[in-house]
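Before any comments, here is the structure.
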Amino acid sequence: QGVPMANANPNPICEDEILNLNANVIDNGVVDNSNWTGPGTIDDPTSLNTTVTDIPPGPANYTITVTDINGCMVTDNVLITVHPTPDAFPAGPLEECDDGTGRATFDLTSLNPTITGGMAGNVFWFRDAGLTSAINPPNAFYTNSTTVYAIIDNGFCESEVIEVELVVLPQPNAFPTQMELCEDVAGSGLASFDLTQIWDDINGGTGDMVLFFQDAGGLIPINSPYISGSGVIYARVSNGVCESELVRIQLFVYPAPMGNDIEIRVCEDLAGVGFSEIDLTQYEDQIAMGVGLTITYYEDNQFLNEVNNPYRASVGTTILYAKVSNDDCDSRPIEIRITVLPTPGALEAVIDVCENPPGSGLGTFELDSLTIFVI
């Protein structure tokens, strides 16, 4: 009448679940005492029906021993399988950059190794803590900033629920602008653009890096300085985490005036004065090529020391430089080579001869005799 029949449920069981142990006897009245033994923490070993917690993974054997009122002892046992419960580790937050809509695409699976700790198990993702709304596919979850939930399933048991914060980072601002230069060489149509000079215009003065591209897709990068004619390039701002949308940068190359180097050869104004007053405007048609141009003259090719016109040039060779300008650009330094030659001097002379023939009023002069007066 007191022979027990042992059973346990659930079986198999996960290590963090509660195991129910039950022993059935035909007549409880003949039972003097009972005792359960086995792994884990048995809540009340002396009760025919009890529970067990903290069961280690692996096979677990539980034995019930019943002693009847006559002192007879009878045993029965039940064998269960205990599966390990996977440990889920904290992960995140996961950050992605705003795509311009306030949202971003998150690859949740990138956190799987962190959550599993590198152990075996499949990670499942959900929108809610109740695990009723699965995220599929988890490697391309398009959302605004939010919280999602993950569990690990090793095929037998599930981990605790892990909260993961998703953060949409704001993209930096980028502003379109333009850059204007004169062509480097007159007639070339090209200029060398130092693109770093317009970083502040593009990033708004934030100090963030600005990247430049030839194409609207941002596939062909540009380095500075960039040699180009008039046209459009593209820029985006990067703060090291996120990048802005591409913006247009307009480049303008204006034609530079062309000019000719010239040489001026004159004599000094008066013999012995040592200089010549030269009206440089007389040569402007030779210097400048085109109409509507202005010409300024300088002692140096850096256009630092302007000279007045007319220009007093000393005997010998002097080099001046002309700057030819239109409304937008200046020419290269145009060389003006001035050579002032000394003017030979002479003295007045008187030649007296007799008329020949008499009465004719004519005479024969030997001019060669005057060369002795030339200085």
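Labeling convention for the structure tokens: chains A, B, ... as they appear, residues from 1 per chain, ligands from 1 in order of appearance.
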
Within 9 Å of Ile338 in chain A using only C-alpha atoms, minus same-chain residues under 2 positions, as a ChimeraX atom specification:
/A:262-266,313,316-320,336,340

What are the DSSP helix (DSSP H, G or I) residues of range 116-340 of chain A, as a PDB file with all heavy atoms, in the first residue's frame?
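Now in selection.pdb:
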```pdb
ATOM      1  N   THR A 116      25.859  36.682 -27.182  1.00  0.00           N
ATOM      2  CA  THR A 116      26.106  35.265 -26.879  1.00  0.00           C
ATOM      3  C   THR A 116      27.413  35.043 -26.144  1.00  0.00           C
ATOM      4  O   THR A 116      27.637  33.957 -25.594  1.00  0.00           O
ATOM      5  CB  THR A 116      26.123  34.432 -28.168  1.00  0.00           C
ATOM      6  OG1 THR A 116      27.220  34.868 -29.004  1.00  0.00           O
ATOM      7  CG2 THR A 116      24.823  34.563 -28.941  1.00  0.00           C
ATOM      8  N   LEU A 195      41.041  73.992 -52.103  1.00  0.00           N
ATOM      9  CA  LEU A 195      39.702  73.730 -51.604  1.00  0.00           C
ATOM     10  C   LEU A 195      39.595  73.882 -50.092  1.00  0.00           C
ATOM     11  O   LEU A 195      38.494  74.060 -49.558  1.00  0.00           O
ATOM     12  CB  LEU A 195      39.257  72.327 -52.027  1.00  0.00           C
ATOM     13  CG  LEU A 195      39.212  72.095 -53.541  1.00  0.00           C
ATOM     14  CD1 LEU A 195      38.847  70.653 -53.846  1.00  0.00           C
ATOM     15  CD2 LEU A 195      38.230  73.042 -54.209  1.00  0.00           C
ATOM     16  N   THR A 196      40.730  73.843 -49.395  1.00  0.00           N
ATOM     17  CA  THR A 196      40.674  74.017 -47.939  1.00  0.00           C
ATOM     18  C   THR A 196      40.203  75.415 -47.556  1.00  0.00           C
ATOM     19  O   THR A 196      39.745  75.627 -46.433  1.00  0.00           O
ATOM     20  CB  THR A 196      42.046  73.738 -47.304  1.00  0.00           C
ATOM     21  OG1 THR A 196      43.011  74.692 -47.799  1.00  0.00           O
ATOM     22  CG2 THR A 196      42.523  72.326 -47.630  1.00  0.00           C
ATOM     23  N   GLN A 197      40.291  76.362 -48.499  1.00  0.00           N
ATOM     24  CA  GLN A 197      39.879  77.735 -48.189  1.00  0.00           C
ATOM     25  C   GLN A 197      38.365  77.868 -48.035  1.00  0.00           C
ATOM     26  O   GLN A 197      37.891  78.869 -47.491  1.00  0.00           O
ATOM     27  CB  GLN A 197      40.378  78.680 -49.284  1.00  0.00           C
ATOM     28  CG  GLN A 197      41.891  78.804 -49.343  1.00  0.00           C
ATOM     29  CD  GLN A 197      42.344  79.778 -50.419  1.00  0.00           C
ATOM     30  OE1 GLN A 197      41.534  80.284 -51.190  1.00  0.00           O
ATOM     31  NE2 GLN A 197      43.636  80.046 -50.479  1.00  0.00           N
ATOM     32  N   ILE A 198      37.601  76.877 -48.518  1.00  0.00           N
ATOM     33  CA  ILE A 198      36.142  76.992 -48.428  1.00  0.00           C
ATOM     34  C   ILE A 198      35.544  75.968 -47.450  1.00  0.00           C
ATOM     35  O   ILE A 198      34.333  75.742 -47.434  1.00  0.00           O
ATOM     36  CB  ILE A 198      35.483  76.850 -49.811  1.00  0.00           C
ATOM     37  CG1 ILE A 198      35.894  75.525 -50.485  1.00  0.00           C
ATOM     38  CG2 ILE A 198      35.823  78.035 -50.685  1.00  0.00           C
ATOM     39  CD1 ILE A 198      35.150  75.259 -51.789  1.00  0.00           C
ATOM     40  N   TRP A 199      36.406  75.332 -46.634  1.00  0.00           N
ATOM     41  CA  TRP A 199      35.893  74.385 -45.632  1.00  0.00           C
ATOM     42  C   TRP A 199      34.860  75.045 -44.723  1.00  0.00           C
ATOM     43  O   TRP A 199      33.787  74.488 -44.476  1.00  0.00           O
ATOM     44  CB  TRP A 199      37.049  73.827 -44.804  1.00  0.00           C
ATOM     45  CG  TRP A 199      37.731  72.644 -45.398  1.00  0.00           C
ATOM     46  CD1 TRP A 199      37.919  72.381 -46.713  1.00  0.00           C
ATOM     47  CD2 TRP A 199      38.335  71.559 -44.689  1.00  0.00           C
ATOM     48  NE1 TRP A 199      38.602  71.202 -46.876  1.00  0.00           N
ATOM     49  CE2 TRP A 199      38.868  70.679 -45.653  1.00  0.00           C
ATOM     50  CE3 TRP A 199      38.484  71.255 -43.343  1.00  0.00           C
ATOM     51  CZ2 TRP A 199      39.529  69.509 -45.296  1.00  0.00           C
ATOM     52  CZ3 TRP A 199      39.149  70.085 -42.981  1.00  0.00           C
ATOM     53  CH2 TRP A 199      39.669  69.226 -43.961  1.00  0.00           C
ATOM     54  N   ASP A 200      35.186  76.222 -44.193  1.00  0.00           N
ATOM     55  CA  ASP A 200      34.271  76.872 -43.244  1.00  0.00           C
ATOM     56  C   ASP A 200      32.945  77.226 -43.902  1.00  0.00           C
ATOM     57  O   ASP A 200      31.894  77.208 -43.243  1.00  0.00           O
ATOM     58  CB  ASP A 200      34.916  78.122 -42.655  1.00  0.00           C
ATOM     59  CG  ASP A 200      35.985  77.796 -41.617  1.00  0.00           C
ATOM     60  OD1 ASP A 200      36.055  76.630 -41.196  1.00  0.00           O
ATOM     61  OD2 ASP A 200      36.736  78.709 -41.240  1.00  0.00           O
ATOM     62  N   ASP A 201      32.988  77.568 -45.190  1.00  0.00           N
ATOM     63  CA  ASP A 201      31.740  77.883 -45.887  1.00  0.00           C
ATOM     64  C   ASP A 201      30.865  76.636 -45.991  1.00  0.00           C
ATOM     65  O   ASP A 201      29.635  76.723 -45.932  1.00  0.00           O
ATOM     66  CB  ASP A 201      32.031  78.409 -47.293  1.00  0.00           C
ATOM     67  CG  ASP A 201      32.768  79.732 -47.273  1.00  0.00           C
ATOM     68  OD1 ASP A 201      32.619  80.468 -46.286  1.00  0.00           O
ATOM     69  OD2 ASP A 201      33.490  80.025 -48.240  1.00  0.00           O
ATOM     70  N   ILE A 202      31.500  75.475 -46.150  1.00  0.00           N
ATOM     71  CA  ILE A 202      30.750  74.234 -46.362  1.00  0.00           C
ATOM     72  C   ILE A 202      30.291  73.629 -45.042  1.00  0.00           C
ATOM     73  O   ILE A 202      29.145  73.177 -44.910  1.00  0.00           O
ATOM     74  CB  ILE A 202      31.596  73.231 -47.160  1.00  0.00           C
ATOM     75  CG1 ILE A 202      31.934  73.806 -48.538  1.00  0.00           C
ATOM     76  CG2 ILE A 202      30.879  71.889 -47.309  1.00  0.00           C
ATOM     77  CD1 ILE A 202      32.946  73.004 -49.319  1.00  0.00           C
ATOM     78  N   ASN A 203      31.181  73.585 -44.035  1.00  0.00           N
ATOM     79  CA  ASN A 203      30.804  72.946 -42.753  1.00  0.00           C
ATOM     80  C   ASN A 203      30.201  73.915 -41.753  1.00  0.00           C
ATOM     81  O   ASN A 203      29.866  73.520 -40.629  1.00  0.00           O
ATOM     82  CB  ASN A 203      32.002  72.208 -42.137  1.00  0.00           C
ATOM     83  CG  ASN A 203      33.146  73.138 -41.753  1.00  0.00           C
ATOM     84  OD1 ASN A 203      32.965  74.326 -41.517  1.00  0.00           O
ATOM     85  ND2 ASN A 203      34.356  72.589 -41.686  1.00  0.00           N
ATOM     86  N   LEU A 280      54.928 106.067 -70.914  1.00  0.00           N
ATOM     87  CA  LEU A 280      54.674 104.638 -71.106  1.00  0.00           C
ATOM     88  C   LEU A 280      53.350 104.369 -71.812  1.00  0.00           C
ATOM     89  O   LEU A 280      53.178 103.292 -72.411  1.00  0.00           O
ATOM     90  CB  LEU A 280      54.686 103.943 -69.733  1.00  0.00           C
ATOM     91  CG  LEU A 280      56.027 103.980 -68.994  1.00  0.00           C
ATOM     92  CD1 LEU A 280      55.867 103.408 -67.577  1.00  0.00           C
ATOM     93  CD2 LEU A 280      57.091 103.201 -69.756  1.00  0.00           C
ATOM     94  N   THR A 281      52.413 105.335 -71.750  1.00  0.00           N
ATOM     95  CA  THR A 281      51.128 105.102 -72.421  1.00  0.00           C
ATOM     96  C   THR A 281      51.293 104.955 -73.928  1.00  0.00           C
ATOM     97  O   THR A 281      50.422 104.380 -74.589  1.00  0.00           O
ATOM     98  CB  THR A 281      50.154 106.243 -72.109  1.00  0.00           C
ATOM     99  OG1 THR A 281      50.701 107.484 -72.591  1.00  0.00           O
ATOM    100  CG2 THR A 281      49.887 106.336 -70.619  1.00  0.00           C
ATOM    101  N   GLN A 282      52.397 105.481 -74.482  1.00  0.00           N
ATOM    102  CA  GLN A 282      52.623 105.354 -75.912  1.00  0.00           C
ATOM    103  C   GLN A 282      52.842 103.903 -76.343  1.00  0.00           C
ATOM    104  O   GLN A 282      52.726 103.595 -77.530  1.00  0.00           O
ATOM    105  CB  GLN A 282      53.842 106.200 -76.322  1.00  0.00           C
ATOM    106  CG  GLN A 282      53.663 107.687 -76.115  1.00  0.00           C
ATOM    107  CD  GLN A 282      54.902 108.468 -76.536  1.00  0.00           C
ATOM    108  OE1 GLN A 282      55.845 107.898 -77.118  1.00  0.00           O
ATOM    109  NE2 GLN A 282      54.901 109.767 -76.264  1.00  0.00           N
ATOM    110  N   TYR A 283      53.139 103.046 -75.380  1.00  0.00           N
ATOM    111  CA  TYR A 283      53.473 101.658 -75.723  1.00  0.00           C
ATOM    112  C   TYR A 283      52.376 100.663 -75.283  1.00  0.00           C
ATOM    113  O   TYR A 283      52.555  99.450 -75.398  1.00  0.00           O
ATOM    114  CB  TYR A 283      54.793 101.264 -75.043  1.00  0.00           C
ATOM    115  CG  TYR A 283      55.943 102.166 -75.416  1.00  0.00           C
ATOM    116  CD1 TYR A 283      56.246 103.292 -74.632  1.00  0.00           C
ATOM    117  CD2 TYR A 283      56.714 101.923 -76.549  1.00  0.00           C
ATOM    118  CE1 TYR A 283      57.287 104.133 -74.972  1.00  0.00           C
ATOM    119  CE2 TYR A 283      57.766 102.769 -76.891  1.00  0.00           C
ATOM    120  CZ  TYR A 283      58.042 103.871 -76.095  1.00  0.00           C
ATOM    121  OH  TYR A 283      59.077 104.699 -76.443  1.00  0.00           O
ATOM    122  N   GLU A 284      51.262 101.199 -74.779  1.00  0.00           N
ATOM    123  CA  GLU A 284      50.253 100.301 -74.217  1.00  0.00           C
ATOM    124  C   GLU A 284      49.603  99.405 -75.255  1.00  0.00           C
ATOM    125  O   GLU A 284      49.184  98.288 -74.942  1.00  0.00           O
ATOM    126  CB  GLU A 284      49.195 101.107 -73.448  1.00  0.00           C
ATOM    127  CG  GLU A 284      49.755 101.687 -72.153  1.00  0.00           C
ATOM    128  CD  GLU A 284      48.715 102.378 -71.295  1.00  0.00           C
ATOM    129  OE1 GLU A 284      47.593 102.622 -71.803  1.00  0.00           O
ATOM    130  OE2 GLU A 284      49.024 102.691 -70.131  1.00  0.00           O
ATOM    131  N   ASP A 285      49.520  99.880 -76.498  1.00  0.00           N
ATOM    132  CA  ASP A 285      48.971  99.024 -77.550  1.00  0.00           C
ATOM    133  C   ASP A 285      49.869  97.822 -77.806  1.00  0.00           C
ATOM    134  O   ASP A 285      49.398  96.756 -78.236  1.00  0.00           O
ATOM    135  CB  ASP A 285      48.769  99.810 -78.838  1.00  0.00           C
ATOM    136  CG  ASP A 285      47.599 100.785 -78.750  1.00  0.00           C
ATOM    137  OD1 ASP A 285      46.795 100.616 -77.818  1.00  0.00           O
ATOM    138  OD2 ASP A 285      47.513 101.702 -79.593  1.00  0.00           O
ATOM    139  N   GLN A 286      51.161  98.004 -77.564  1.00  0.00           N
ATOM    140  CA  GLN A 286      52.086  96.879 -77.739  1.00  0.00           C
ATOM    141  C   GLN A 286      52.044  95.926 -76.537  1.00  0.00           C
ATOM    142  O   GLN A 286      52.253  94.721 -76.671  1.00  0.00           O
ATOM    143  CB  GLN A 286      53.514  97.393 -77.916  1.00  0.00           C
ATOM    144  CG  GLN A 286      53.725  98.328 -79.095  1.00  0.00           C
ATOM    145  CD  GLN A 286      55.143  98.851 -79.138  1.00  0.00           C
ATOM    146  OE1 GLN A 286      56.109  98.084 -78.952  1.00  0.00           O
ATOM    147  NE2 GLN A 286      55.300 100.153 -79.374  1.00  0.00           N
ATOM    148  N   ILE A 287      51.766  96.474 -75.347  1.00  0.00           N
ATOM    149  CA  ILE A 287      51.802  95.670 -74.122  1.00  0.00           C
ATOM    150  C   ILE A 287      50.525  94.851 -73.955  1.00  0.00           C
ATOM    151  O   ILE A 287      50.567  93.632 -73.720  1.00  0.00           O
ATOM    152  CB  ILE A 287      51.993  96.588 -72.899  1.00  0.00           C
ATOM    153  CG1 ILE A 287      53.353  97.285 -72.968  1.00  0.00           C
ATOM    154  CG2 ILE A 287      51.862  95.781 -71.603  1.00  0.00           C
ATOM    155  CD1 ILE A 287      53.547  98.351 -71.905  1.00  0.00           C
TER     156      ILE A 287
END
```

Between CA of Pro310 in chain A and CA of Asn326 in chain A, distance in Å (one decimal)
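For CA of Pro310 in chain A relative to CA of Asn326 in chain A, the distance reads 22.2 Å.
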
Which residue out of A:Glu183, A:Asp128, A:Glu95, A:Glu306 has the minimum interatomic distance to Glu165 in chain A when only C-alpha atoms are used?
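Going through A:Glu183, A:Asp128, A:Glu95, A:Glu306 one by one, the smallest distance to Glu165 in chain A is for A:Glu95.
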
What residues in range 107-218 of chain A get the DSSP label strand (DSSP E)? Please answer as a PDB file with C-alpha atoms, in the first residue's frame.
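Done, and the output landed in states_30.pdb:
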```
ATOM      1  CA  ASN A 122      20.717  31.659 -32.054  1.00  0.00           C
ATOM      2  CA  VAL A 123      19.788  35.249 -31.272  1.00  0.00           C
ATOM      3  CA  PHE A 124      16.243  36.372 -31.997  1.00  0.00           C
ATOM      4  CA  TRP A 125      15.189  40.015 -32.108  1.00  0.00           C
ATOM      5  CA  PHE A 126      11.872  41.613 -31.172  1.00  0.00           C
ATOM      6  CA  PHE A 141      16.159  47.050 -39.426  1.00  0.00           C
ATOM      7  CA  TYR A 142      15.032  50.514 -40.588  1.00  0.00           C
ATOM      8  CA  THR A 143      13.877  52.665 -37.691  1.00  0.00           C
ATOM      9  CA  THR A 146      14.208  53.097 -30.185  1.00  0.00           C
ATOM     10  CA  THR A 147      14.735  50.093 -27.917  1.00  0.00           C
ATOM     11  CA  VAL A 148      14.655  46.511 -29.178  1.00  0.00           C
ATOM     12  CA  TYR A 149      14.866  43.178 -27.369  1.00  0.00           C
ATOM     13  CA  ALA A 150      16.894  40.009 -27.905  1.00  0.00           C
ATOM     14  CA  ILE A 151      16.978  36.464 -26.555  1.00  0.00           C
ATOM     15  CA  ILE A 152      19.262  33.492 -27.152  1.00  0.00           C
ATOM     16  CA  ASP A 153      17.813  30.094 -28.054  1.00  0.00           C
ATOM     17  CA  ILE A 162      18.175  41.705 -23.253  1.00  0.00           C
ATOM     18  CA  GLU A 163      17.293  45.349 -23.982  1.00  0.00           C
ATOM     19  CA  VAL A 164      19.327  47.043 -26.707  1.00  0.00           C
ATOM     20  CA  GLU A 165      19.130  50.763 -27.378  1.00  0.00           C
ATOM     21  CA  LEU A 166      19.251  51.948 -31.008  1.00  0.00           C
ATOM     22  CA  VAL A 167      20.440  55.516 -31.516  1.00  0.00           C
ATOM     23  CA  VAL A 168      20.062  57.487 -34.756  1.00  0.00           C
ATOM     24  CA  LEU A 169      22.899  60.006 -34.851  1.00  0.00           C
ATOM     25  CA  THR A 177      29.066  77.396 -52.030  1.00  0.00           C
ATOM     26  CA  GLN A 178      31.212  78.600 -54.896  1.00  0.00           C
ATOM     27  CA  MET A 179      34.829  79.470 -55.564  1.00  0.00           C
ATOM     28  CA  GLU A 180      36.164  81.985 -58.087  1.00  0.00           C
ATOM     29  CA  LEU A 181      39.701  82.209 -59.461  1.00  0.00           C
ATOM     30  CA  CYS A 182      41.542  83.692 -62.388  1.00  0.00           C
ATOM     31  CA  ALA A 191      43.110  77.409 -62.222  1.00  0.00           C
ATOM     32  CA  SER A 192      44.517  75.704 -59.141  1.00  0.00           C
ATOM     33  CA  PHE A 193      41.821  75.658 -56.423  1.00  0.00           C
ATOM     34  CA  MET A 209      36.397  67.527 -42.233  1.00  0.00           C
ATOM     35  CA  VAL A 210      35.177  68.295 -45.750  1.00  0.00           C
ATOM     36  CA  LEU A 211      35.547  65.689 -48.506  1.00  0.00           C
ATOM     37  CA  PHE A 212      35.386  66.583 -52.200  1.00  0.00           C
ATOM     38  CA  PHE A 213      34.284  64.495 -55.175  1.00  0.00           C
TER      39      PHE A 213
END
```

Shell of 8 Å around Arg103 in chain A, only C-alpha atoms, local chain residues under 2 positions omitted, as a list of chain:residue names:
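My list of contacting residues is A:Cys97, A:Asp98, A:Asp99, A:Gly100, A:Thr101, A:Thr105, A:Tyr142, A:Thr143, A:Asn144, A:Ser145, A:Val168.
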
Identify, on the basis of only C-alpha atoms, every residue whose closest approach to Ile295 in chain A does not exceed 7 Å; exclude the query and any residue fewer than 4 positions from it along the same chain; express the result as a list in words.
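Residues meeting the cut-off are Ala322, Lys323, Val324 and Ser325 of chain A.
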
With N, CA and C atoms retained, could you export that selection as an mmCIF file, in the first residue's frame?
```
data_model
loop_
_atom_site.group_PDB
_atom_site.id
_atom_site.type_symbol
_atom_site.label_atom_id
_atom_site.label_comp_id
_atom_site.auth_asym_id
_atom_site.auth_seq_id
_atom_site.Cartn_x
_atom_site.Cartn_y
_atom_site.Cartn_z
ATOM 1 N N ALA A 322 54.697 95.527 -66.060
ATOM 2 C CA ALA A 322 53.340 96.022 -66.248
ATOM 3 C C ALA A 322 52.344 94.968 -65.797
ATOM 4 N N LYS A 323 51.277 95.447 -65.156
ATOM 5 C CA LYS A 323 50.153 94.577 -64.780
ATOM 6 C C LYS A 323 48.954 94.986 -65.612
ATOM 7 N N VAL A 324 48.499 94.056 -66.431
ATOM 8 C CA VAL A 324 47.336 94.308 -67.272
ATOM 9 C C VAL A 324 46.118 93.723 -66.563
ATOM 10 N N SER A 325 45.074 94.535 -66.390
ATOM 11 C CA SER A 325 43.916 94.105 -65.608
ATOM 12 C C SER A 325 42.626 94.309 -66.392
#
```

Point out the residue among A:Asp330, A:Asp27, A:Glu17, A:Asp352 with the least atom-to-atom distance to Thr51 in chain A, counting only C-alpha atoms.
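Ranked by minimum distance to Thr51 in chain A, first place goes to A:Glu17.
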